[in-house]
Structures are given as C-alpha cells and as structure tokens.
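Written below as structure tokens is the structure these notes are about.
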Amino acid sequence: MDNAAKRFLFAAVALAVIVSLCSSYFNRYYLGVAIDVGINVILAVSLNLINGHTGQFSLGHAGFMAVGGYTTAKFALLLQGQLPPWAQPLIFVAGLLLGGSMAAVAGLAVGVPTLRLKGDYLAIVTLGFGEIIRVIFQTTEAFGAATGLTGIPHWTNFAWTWSCAALTVFVVACLVNSTYGRGFIAVHDDEVAAGAMGINPVRYKITAFVIGAFFAGVAGGLYAHHKQFLSPGGFDFLKSIDIVVMVILGGMGRTVGVIIAAVLLTILPEALRGFAGYRMILYSLLIIILMLTRPQGLFTFGRAAQRKV
C-alpha cells in the first residue's frame with residue numbers, strides 16, 4: 001500500500017472525527033446533508049469499481065444497498081436493549097460488517113450466473129435483481145413489509161459516515177492501482193485480449209461485483225441508522241439510476257471525479273428546494289445539459305486521466 005494512500009486515510013478519518021466532535025456547533029440540517037453526501041460517495045465509488053474500472057453496466061446497486069440496510073437495521077433492533085450502552089458502537093460496527101457481508105453474498109449470487117452477459121443484457125438482469133430484492137422486503141412482515149421498518153436507533157454520525165467513505169476510497173484506489181487491480185482495467189479494455197493473456201474475465205468481474213456490493217451494503221447500513229426508517233420504495237430502480245448518473249457524470253473509472261459528482265448531485269437537489277415544484281425539473285435539465293455538453297464526464301481529461309485515481 002502506498003504511504004500517500006495511508007496518510008490520506010488517516011487524515012480523512014481524523015478530520016471526520018474532529019468535525020463529528022464539534023457537530024453541536026453546526027446546523028443539524030447541513031450536518032444531515034453532509035452525511036447524505038458521504039453515503040452517496042460510498043455508493044458511487046463502489047459502483048465505479050464495477051461500471052467504471054471493470055467495464056460492466058450494473059443497474060442493481062440499490063438492491064445491494066437495501067440488503068445491507070435491512071440486515072444492519074434488523075440486527076440492531078434484535079439486540080437493542082439487551083446490551084449495555086457502551087456496547088452500542090460494537091453492535092453498530094458488527095451490524096455494518098454483517099450488512100456488507102450479506103450484500104456481498106447477494107453480489108456473488110447475482111454475479112456468478114449473470115456476469116457472462118455483457119452490455120444491455122447485464123444491465124437488464126441487474127435491474128431485475130434490484131426489483132426482486134425490493135419486492136422481497138416489501139412482502140416480508142419481518143422487515144416491516146410495505147409499511148417499512150421503524151424504530152431504528154440513530155447511530156450514524158459524521159465520523160462514522162466519512163470514515164467509511166474514506167475507507168471505501170482507500171480500498172478501491174489501492175485495489176485498482178495494485179498488480180491484481182490491473183486485471184480489472186484489462187477486462188474493461190478488451191476481454192478477449194485479457195483472456196488471451198491468461199486473465200479470467202469472469203473471476204475479475206465477480207470480484208468487482210462482490211467488493212462493490214459489500215460497500216453498497218455498508219452504505220445501506222449507514223443510511224438505515226441515519227434516517228431511522230427504511231421503506232422498500234427508497235430502494236427502487238430510480239435510486240440505482242441516481243448512483244449510475246453520479247458515476248457517468250464524474251467520469252467512468254475516475255475516482256476523484258466520481259466523488260465530486262456524488263457531492264454535487266447530492267447538494268444540488270437540496271439547493272433547488274427553494275423552487276419547490278420546479279426543483280426536479282431543473283435538476284433533470286441540468287443533468288441533460290451536462291450529458292449533452294460533456295458526455296465523457298465532467299472530470300475526465302483525456303484517456304490517461306481515466307486510469308488515475
């Protein structure tokens with residue numbers, strides 16, 4: 001691991017903890033938006049590993065987020081009140097890891113039979129997977145069914161969210177820039193040539209799917225403990241589209257650009273709240289204009305830039 005990457009992780013976590021300790025001095029609304037931004041950064045960077053670096057086209061990322069969110073929330077609700085207060089952080093961390101692991105299992109389950117597909121076919125299959133997950137939670141009474149899951153403890157704060165976001169960026173950056181990670185880029189550029197060089201494209205695709213799904217599950221757990229309520233409607237295909245737009249707008253395979261796009265596309269709808277009924281129309285128009293004027297992504301400058309984090 002590069003020392004610069006380690007320093008970035010340490011500095012980011014330290015800054016997140018300091019800001020969280022001073023959170024009482026900040027406006028609660030703006031602090032909540034900052035947490036939403038961190039969650040979307042995790043989602044966008046993890047999807048960028050699949051869509052950007054490995055060259056797949058997944059539309060089911062909200063499904064992985066839902067698996068992680070419901071698993072983490074249910075785990076916390078089952079143990080709530082049974083352990084002393086000092087154990088709450090341990091429950092939270094264990095819940096996030098469990099939610100991420102379950103999402104990774106879901107990623108493996110959808111990856112093994114479908115990643116031999118390419119392009120539009122893969123997108124349709126992953127979209128169907130996301131909808132299946134949503135319907136399962138919508139019809140399962142143990143997870144609140146259509147009314148949703150309530151009473152989730154509020155454990156997500158700025159420090160947890162942005163520490164997880166920094167860890168996600170760190171892991172993806174180290175993975176992509178490692179010797180093993182070059183296989184993702186090779187599969188992205190030319191699967192046939194990669195196979196001829198002894199690289200197994202399916203294995204690399206599944207690895208990307210599992211790792212991306214894990215971090216999406218962690219983001220779902222943070223989201224659950226931030227909003228304190230989960231509804232199946234919050235994980236529909238429109239949520240997956242939102243995450244895909246962040247990746248495309250930031251530049252496929254460009255981690256820094258994806259982070260900036262996630263920040264902008266989370267803050268922009270909030271900034272347009274003053275326009276009430278026209279907010280989503282203006283938001284959609286801005287995205288259309290950006291896609292027409294710079295389809296390669298706002299923060300991608302040349303082919304070489306796409307391979308730098």
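Ordering of the structure tokens sets the chain letters (A, B, ...), residue numbers begin anew at 1 in every chain, and ligands are numbered from 1 in the order given.
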Output as JSON lines one row per residue of segment 173-279 of chain A within 10 Å of segment 148-168 of chain A: the closest atom pair and its distance in Å to one decimal place, counting only C-alpha atoms, sorted by chain and residue number ascending.
```
{"residue": "A:Ala173", "atom": "CA", "partner": "A:Thr168", "partner_atom": "CA", "distance": 8.4}
{"residue": "A:Cys174", "atom": "CA", "partner": "A:Thr168", "partner_atom": "CA", "distance": 10.0}
{"residue": "A:Ile211", "atom": "CA", "partner": "A:Thr168", "partner_atom": "CA", "distance": 9.8}
{"residue": "A:Gly212", "atom": "CA", "partner": "A:Thr168", "partner_atom": "CA", "distance": 9.4}
{"residue": "A:Phe214", "atom": "CA", "partner": "A:Thr168", "partner_atom": "CA", "distance": 10.0}
{"residue": "A:Phe215", "atom": "CA", "partner": "A:Thr168", "partner_atom": "CA", "distance": 6.9}
{"residue": "A:Ala216", "atom": "CA", "partner": "A:Thr168", "partner_atom": "CA", "distance": 9.8}
{"residue": "A:Val218", "atom": "CA", "partner": "A:Cys164", "partner_atom": "CA", "distance": 8.1}
{"residue": "A:Ala219", "atom": "CA", "partner": "A:Thr161", "partner_atom": "CA", "distance": 8.2}
{"residue": "A:Gly221", "atom": "CA", "partner": "A:Thr156", "partner_atom": "CA", "distance": 8.8}
{"residue": "A:Leu222", "atom": "CA", "partner": "A:Thr156", "partner_atom": "CA", "distance": 5.7}
{"residue": "A:Tyr223", "atom": "CA", "partner": "A:Thr156", "partner_atom": "CA", "distance": 7.7}
{"residue": "A:Ala224", "atom": "CA", "partner": "A:Ile152", "partner_atom": "CA", "distance": 7.1}
{"residue": "A:His225", "atom": "CA", "partner": "A:His154", "partner_atom": "CA", "distance": 5.0}
{"residue": "A:His226", "atom": "CA", "partner": "A:Thr156", "partner_atom": "CA", "distance": 5.0}
{"residue": "A:Lys227", "atom": "CA", "partner": "A:His154", "partner_atom": "CA", "distance": 7.6}
{"residue": "A:Gln228", "atom": "CA", "partner": "A:Ile152", "partner_atom": "CA", "distance": 4.5}
{"residue": "A:Phe229", "atom": "CA", "partner": "A:Thr150", "partner_atom": "CA", "distance": 4.8}
{"residue": "A:Leu230", "atom": "CA", "partner": "A:Leu149", "partner_atom": "CA", "distance": 5.0}
{"residue": "A:Ser231", "atom": "CA", "partner": "A:Gly148", "partner_atom": "CA", "distance": 4.3}
{"residue": "A:Pro232", "atom": "CA", "partner": "A:Gly148", "partner_atom": "CA", "distance": 6.7}
{"residue": "A:Gly233", "atom": "CA", "partner": "A:Gly148", "partner_atom": "CA", "distance": 8.9}
{"residue": "A:Gly234", "atom": "CA", "partner": "A:Gly148", "partner_atom": "CA", "distance": 9.9}
{"residue": "A:Ile259", "atom": "CA", "partner": "A:Ala165", "partner_atom": "CA", "distance": 9.8}
```
**Message:** Neighbouring residues of segment 180-194 of chain A were defined as those with any atom within 7 Å, considering only C-alpha atoms; residues of the same chain fewer than 5 positions away were excluded. Please report them as a PyMOL selection string.
**Reply:** chain A and resi 53-55+175+199+201+204
For the selection just defined, write its residues with C-alpha atoms to a file, as a CSV table (one decimal), in the first residue's frame.
```csv
chain,number,residue,atom,x,y,z
A,53,HIS,CA,-12.9,0.2,-13.8
A,54,THR,CA,-14.2,-3.2,-14.8
A,55,GLY,CA,-16.4,-2.0,-17.7
A,175,LEU,CA,-7.1,-2.3,-5.4
A,199,ILE,CA,-6.7,-13.3,-17.2
A,201,PRO,CA,-12.5,-12.1,-17.0
A,204,TYR,CA,-12.4,-10.3,-12.1
```
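Note that atom CA of Leu117 of chain A and atom CA of Thr139 of chain A are 29.5 Å apart.
Using only C-alpha atoms, the shortest contact distance between Leu97 of chain A and any of A:Gly144, A:Gly128, A:Gly217, A:Gly63 is found at A:Gly217.
Between Leu47 of chain A and the candidates A:Arg28, A:Arg7, A:Arg254, A:Arg294, the tightest atom-to-atom separation, counting only C-alpha atoms, involves A:Arg254.
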